[in-house]
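This report concerns only the one structure given below.
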Amino acid sequence: MEREEQESGPDGAEPSSGDGEAPHETATTHRRRTKVFLGTVLHFTRDPWVPGHEGEDDPDAYRLHDPGALVVRDGVVVWAGRFPECPREFIDHGHTVDHRGCLIVPGFVDPHIHSGQVDAIASPGGQLLPWLRDYMYPAEMKFADPDYARAAVSFFFDRLLESGTTTACVFPTTHPQATDAFFAEAHLRRLRMISGKLLMDDDNGGTVPEEYLDRGVAEAEEECRRLIKEWHHTGRLRYAVSPRFALTSTLAALRMAGDLYQEARHTDQPLWVQSHLAENLDEVQRVKEKFQDLDPRSYLDVYDKCGLVGPRNVWGHSVWIDDADRNLLADSRAGVAFNPTSNLFLGSGLFDLDRAGLARVRVALGTDVGGGTSYSMLQTMNEAYKVVAMANTYPEHLAEKDRKTLTALRAFYLATLGGARALHLDRHIGSFRTGREADFVVLDWAATPTLKRRTEAARTFQERLFALATLGDDRAVRQTYILGEPTRP
């Protein structure tokens with residue numbers, strides 16, 4: 001099992017100052033810059049899963065401070081730990097924000113979501129391919145209108161932030177101007193976001209409207225290069241080469257996408273890759289038939305032979321993969337998005353979280369709106385628990401001694417540090433380690449009468465957290481902070 005880099009500092013608390021200075025602010029400007037957030041503070045140092053001990057958590061994998069304090073200066077974490085141990089200099093010369101009675105965790109990281117589908121969430125349609133044809137493509141085509149695109153991405157970011165999601169890897173549409181609108185709005189809001197123009201140049205047997213396709217591989221490449229130059233590493237933004245999936249790309253387009261990725265791979269500004277992988281059995285079979293000239297071992301092998309597999313990859317779904325695929329994903333340090341609400345809604349299949357974990361694949365929890373039915377990572381945790389529980393019915397698991405289960409702590413890990421690791425952003429976000437960007441969310445244990453009553457009856461913190469992960473939704477988000485600043489009045 002892969003282990004993340006350990007935090008420094010006693011009892012999980014980071015050193016007193018993130019920049020090596022002694023904490024001795026005295027000027028009033030330091031008071032304005034330094035904020036001390038009070039509440040129950042939870043974050044992770046690594047995956048708390050203990051293989052072979054289902055239902056247990058590694059106590060060294062997380063830091064729980066209650067009463068806790070999170071100290072932020074100039075948008076960066078400088079200290080996190082127990083409030084009684086917080087250096088007096090921060091208390092005396094900083095501005096205190098009181099969230100006692102609430103839970104403070106790093107901002108949620110969504111590795112797989114579609115901004116182009118805001119008006120198509122909750123569309124009936126049965127299986128994946130006809131659902132795309134009948135609902136998703138028509139909805140995404142509206143983004144050809146620049147005014148519509150700007151209004152839609154603003155709505156999209158409002159929904160993320162009200163749900164506590166502060167970073168996401170996002171599919172826009174094939175329209176370059178809509179991708180511009182996405183990046184411009186994200187930059188205005190100072191968000192750490194990954195995205196890139198959707199690449200589609202194959203109508204997949206007439207299921208994709210011709211006017212929604214790229215007008216050739218060369219023009220699509222030119223558009224990507226322009227967008228990369230304009231937005232990659234602008235503020236907190238990063239660019240992802242984004243072929244939608246193999247069925248809507250020609251071999252030439254996939255190879256072009258792979259060339260873009262490989263060209264920048266060993267530079268100081270490498271690119272990301274996002275796409276869909278093995279979501280649906282029908283899709284898997286069609287991919288193998290379409291690319292039979294490559295003699296692919298698997299769906300993933302098609303992408304690999306086009307140069308698309310490697311670090312900073314995020315492969316959505318990955319339901320119908322085998323151990324050889326998992327080993328390739330792990331060895332290449334690629335990430336996988338576990339999308340339970342989408343997989344259940346479309347009847348695609350059940351992601352095997354344990355097998356991915358045993359293979360040391362970087363897994364993150366994603367919503368996949370609009371196949372997914374909620375922007376809320378809490379609701380996504382609820383469905384993820386059920387998907388993992390259903391693994392007990394797999395024939396290959398029936399004889400195993402331990403019942404598969406997803407603990408609340410691991411669910412929160414997958415939605416925070418796990419997401420950051422899958423996106424190769426854990427040096428910037430995902431925890432409260434010193435120097436990390438101060439994107440975080442404040443969660444209310446008493447957001448609804450049912451949640452309040454259940455958490456008050458809980459006997460342990462883990463039981464309270466499980467109730468929050470099961471009963472919570474966007475109503476439990478008291479406040480979302482970006483670089484230490486609130487996103488709502």
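Just so we're on the same page: first chain in the structure tokens is A, next is B, and so on; residues restart at 1 for each chain, and ligands are numbered from 1 in the order they show up.
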
*Just asking: which residues within range 119-227 of chain A are strand (DSSP E) according to DSSP, as a PyMOL selection string?*
chain A and resi 165-171+192-195+198-199

*Got a sec: who's within 8 Å of Arg33 in chain A, counting only C-alpha atoms, leaving out chain neighbours fewer than 4 positions off, as a ChimeraX atom specification?*
/A:29,72-74,94

So that I have them on file, write out the residues from the current selection with N, CA and C atoms, as a tab-separated table (two decimals), in the first residue's frame.
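Output contents, as saved in out-v9.tsv:
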```
chain	number	residue	atom	x	y	z
A	29	THR	N	-0.49	45.13	10.61
A	29	THR	CA	-0.66	44.47	9.31
A	29	THR	C	-0.64	42.96	9.47
A	72	VAL	N	-4.05	30.72	9.57
A	72	VAL	CA	-3.82	31.05	8.16
A	72	VAL	C	-3.21	32.44	8.07
A	73	ARG	N	-2.16	32.55	7.26
A	73	ARG	CA	-1.57	33.87	7.00
A	73	ARG	C	-1.41	34.02	5.49
A	74	ASP	N	-1.92	35.11	4.96
A	74	ASP	CA	-1.81	35.40	3.53
A	74	ASP	C	-2.29	34.22	2.67
A	94	GLY	N	-3.53	37.88	15.88
A	94	GLY	CA	-4.33	37.46	14.73
A	94	GLY	C	-5.80	37.74	14.95
```

_Spatial neighbours of Gly126 in chain A, max dist 8 Å, only C-alpha atoms, sep filter under 5 positions, as a PyMOL selection string_ = chain A and resi 131+346-347

Selection file, N, CA and C atoms, as a compact mmCIF listing (two decimals), in the first residue's frame:
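Printed below is part_0.txt as written:
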```txt
# COMPACT_ATOMS: atom_id res chain seq x y z
N TRP A 131 -27.98 7.74 -23.51
CA TRP A 131 -28.16 8.89 -22.61
C TRP A 131 -27.32 10.07 -23.07
N LEU A 346 -26.68 5.37 -13.94
CA LEU A 346 -26.67 4.85 -15.31
C LEU A 346 -26.56 3.32 -15.36
N GLY A 347 -26.51 2.68 -14.19
CA GLY A 347 -26.42 1.23 -14.16
C GLY A 347 -25.14 0.71 -14.80
```

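The list of residues with at least one atom within 7 Å of Leu465 in chain A, based on only C-alpha atoms and without residues fewer than 4 positions apart in the same chain, reads Ala408, Phe461 and Ala469 of chain A.
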
With N, CA, C and O atoms retained, could you export that selection as an mmCIF file, in the first residue's frame?
```cif
data_model
loop_
_atom_site.group_PDB
_atom_site.id
_atom_site.type_symbol
_atom_site.label_atom_id
_atom_site.label_comp_id
_atom_site.auth_asym_id
_atom_site.auth_seq_id
_atom_site.Cartn_x
_atom_site.Cartn_y
_atom_site.Cartn_z
ATOM 1 N N ALA A 408 -15.986 6.203 7.517
ATOM 2 C CA ALA A 408 -16.176 7.634 7.293
ATOM 3 C C ALA A 408 -14.840 8.338 7.130
ATOM 4 O O ALA A 408 -14.711 9.264 6.306
ATOM 5 N N PHE A 461 -16.279 9.870 17.852
ATOM 6 C CA PHE A 461 -16.120 10.814 16.742
ATOM 7 C C PHE A 461 -16.361 10.116 15.408
ATOM 8 O O PHE A 461 -16.994 10.677 14.507
ATOM 9 N N ALA A 469 -21.368 11.902 6.953
ATOM 10 C CA ALA A 469 -21.122 11.413 5.595
ATOM 11 C C ALA A 469 -22.346 10.739 5.000
ATOM 12 O O ALA A 469 -22.460 10.631 3.776
#
```

Proximity check range 223-243 of chain A to range 304-312 of chain A, 12 Å, nearest pairs one decimal Å, only C-alpha atoms, as a Markdown table:
```
| residue | atom | partner | partner_atom | distance |
| --- | --- | --- | --- | --- |
| A:Arg238 | CA | A:Arg312 | CA | 10.7 |
| A:Tyr239 | CA | A:Arg312 | CA | 10.5 |
| A:Ala240 | CA | A:Arg312 | CA | 8.7 |
| A:Val241 | CA | A:Leu308 | CA | 9.1 |
| A:Ser242 | CA | A:Leu308 | CA | 10.2 |
| A:Pro243 | CA | A:Leu308 | CA | 9.8 |
```

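For the pair CA of Thr40 in chain A and CA of Phe466 in chain A, the interatomic distance is 15.4 Å.
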
_For the helix (DSSP H, G or I) assignment from backbone DSSP, which residues of range 196-286 of chain A qualify? Please present them as a PyMOL selection string._
chain A and resi 210-212+217-231+246-248+251-264+281-286

*Find the distance between CA of Arg265 in chain A and CA of Val314 in chain A and write it in Å to one decimal.*
14.9 Å

_Straight-line distance linking CA of Val208 in chain A with CA of His175 in chain A, stated in Å to one decimal_ = 14.6 Å

*Within 10 Å of Tyr148 in chain A, counting only C-alpha atoms, which residues qualify if same-chain residues fewer than 5 places away don't, as a ChimeraX atom specification?*
/A:142-143,153-154,178,181

Output C-alpha atoms for every residue in the selection just made, as a PDB file, in the first residue's frame.
```pdb
ATOM      1  CA  LYS A 142     -25.711  25.347 -25.859  1.00  0.00           C
ATOM      2  CA  PHE A 143     -22.229  26.473 -24.777  1.00  0.00           C
ATOM      3  CA  VAL A 153     -20.041  28.383 -15.547  1.00  0.00           C
ATOM      4  CA  SER A 154     -20.886  31.010 -12.922  1.00  0.00           C
ATOM      5  CA  ALA A 178     -16.590  28.128 -23.440  1.00  0.00           C
ATOM      6  CA  ALA A 181     -15.201  31.379 -20.010  1.00  0.00           C
TER       7      ALA A 181
END
```

*Skip Phe432 in chain A itself and residues of its chain fewer than 5 positions away, then list as a PyMOL selection string all residues within 12 Å of it, counting only C-alpha atoms.*
chain A and resi 7-8+12-15+18+41-45+62-65+68-72+75-81+104-107+416-417+426-427+437-441+484

Include C-alpha atoms and write out the residues we just selected as a PDB file, in the first residue's frame.
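In the end it all went to part_26.pdb:
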```
ATOM      1  CA  GLU A   7       3.850  15.466   8.104  1.00  0.00           C
ATOM      2  CA  SER A   8       6.369  17.049  10.431  1.00  0.00           C
ATOM      3  CA  GLY A  12       0.438  15.987  13.770  1.00  0.00           C
ATOM      4  CA  ALA A  13       0.682  19.737  14.259  1.00  0.00           C
ATOM      5  CA  GLU A  14       2.827  21.507  11.733  1.00  0.00           C
ATOM      6  CA  PRO A  15       5.818  23.620  12.762  1.00  0.00           C
ATOM      7  CA  GLY A  18       5.367  27.727   7.500  1.00  0.00           C
ATOM      8  CA  VAL A  41      -9.970  20.303  12.905  1.00  0.00           C
ATOM      9  CA  LEU A  42      -9.536  17.118  10.865  1.00  0.00           C
ATOM     10  CA  HIS A  43      -7.098  16.328   8.071  1.00  0.00           C
ATOM     11  CA  PHE A  44      -5.044  13.409   6.757  1.00  0.00           C
ATOM     12  CA  THR A  45      -1.420  12.403   6.275  1.00  0.00           C
ATOM     13  CA  TYR A  62      -5.120  11.405  10.290  1.00  0.00           C
ATOM     14  CA  ARG A  63      -4.911  14.325  12.689  1.00  0.00           C
ATOM     15  CA  LEU A  64      -7.929  15.192  14.803  1.00  0.00           C
ATOM     16  CA  HIS A  65      -7.755  18.284  17.001  1.00  0.00           C
ATOM     17  CA  GLY A  68      -8.659  22.714  17.401  1.00  0.00           C
ATOM     18  CA  ALA A  69      -7.224  25.768  15.709  1.00  0.00           C
ATOM     19  CA  LEU A  70      -6.243  26.411  12.111  1.00  0.00           C
ATOM     20  CA  VAL A  71      -3.949  29.400  11.576  1.00  0.00           C
ATOM     21  CA  VAL A  72      -3.820  31.050   8.160  1.00  0.00           C
ATOM     22  CA  GLY A  75      -3.960  32.516   2.333  1.00  0.00           C
ATOM     23  CA  VAL A  76      -1.558  29.797   3.483  1.00  0.00           C
ATOM     24  CA  VAL A  77      -1.689  27.393   6.445  1.00  0.00           C
ATOM     25  CA  VAL A  78       0.969  28.240   9.037  1.00  0.00           C
ATOM     26  CA  TRP A  79      -0.196  26.085  11.951  1.00  0.00           C
ATOM     27  CA  ALA A  80      -2.832  23.474  12.806  1.00  0.00           C
ATOM     28  CA  GLY A  81      -3.285  21.680  16.089  1.00  0.00           C
ATOM     29  CA  ILE A 104     -13.155  22.110   9.750  1.00  0.00           C
ATOM     30  CA  VAL A 105     -11.695  19.957   6.949  1.00  0.00           C
ATOM     31  CA  PRO A 106      -9.675  20.711   3.804  1.00  0.00           C
ATOM     32  CA  GLY A 107     -11.801  21.736   0.842  1.00  0.00           C
ATOM     33  CA  THR A 416      -9.686  15.604   0.365  1.00  0.00           C
ATOM     34  CA  LEU A 417      -6.077  14.401   0.388  1.00  0.00           C
ATOM     35  CA  ASP A 426      -1.006  17.376  -2.686  1.00  0.00           C
ATOM     36  CA  ARG A 427       1.936  19.760  -2.369  1.00  0.00           C
ATOM     37  CA  GLU A 437      -3.108  26.723   0.432  1.00  0.00           C
ATOM     38  CA  ALA A 438      -5.891  27.508   2.873  1.00  0.00           C
ATOM     39  CA  ASP A 439      -8.892  26.149   0.992  1.00  0.00           C
ATOM     40  CA  PHE A 440     -11.204  24.549   3.522  1.00  0.00           C
ATOM     41  CA  VAL A 441     -14.814  23.923   4.463  1.00  0.00           C
ATOM     42  CA  GLY A 484      -8.542  31.810   3.882  1.00  0.00           C
TER      43      GLY A 484
END
```

*Have a look at A:Ile429, A:Cys169, A:Ala61, A:Met390 and name the one nearest to Arg403 in chain A; count only C-alpha atoms.*
A:Met390

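With only C-alpha atoms as the atoms that count, the residue of A:Pro489, A:Gly116, A:Gly419, A:Gly39 with the shortest distance to Arg82 in chain A is A:Gly39.
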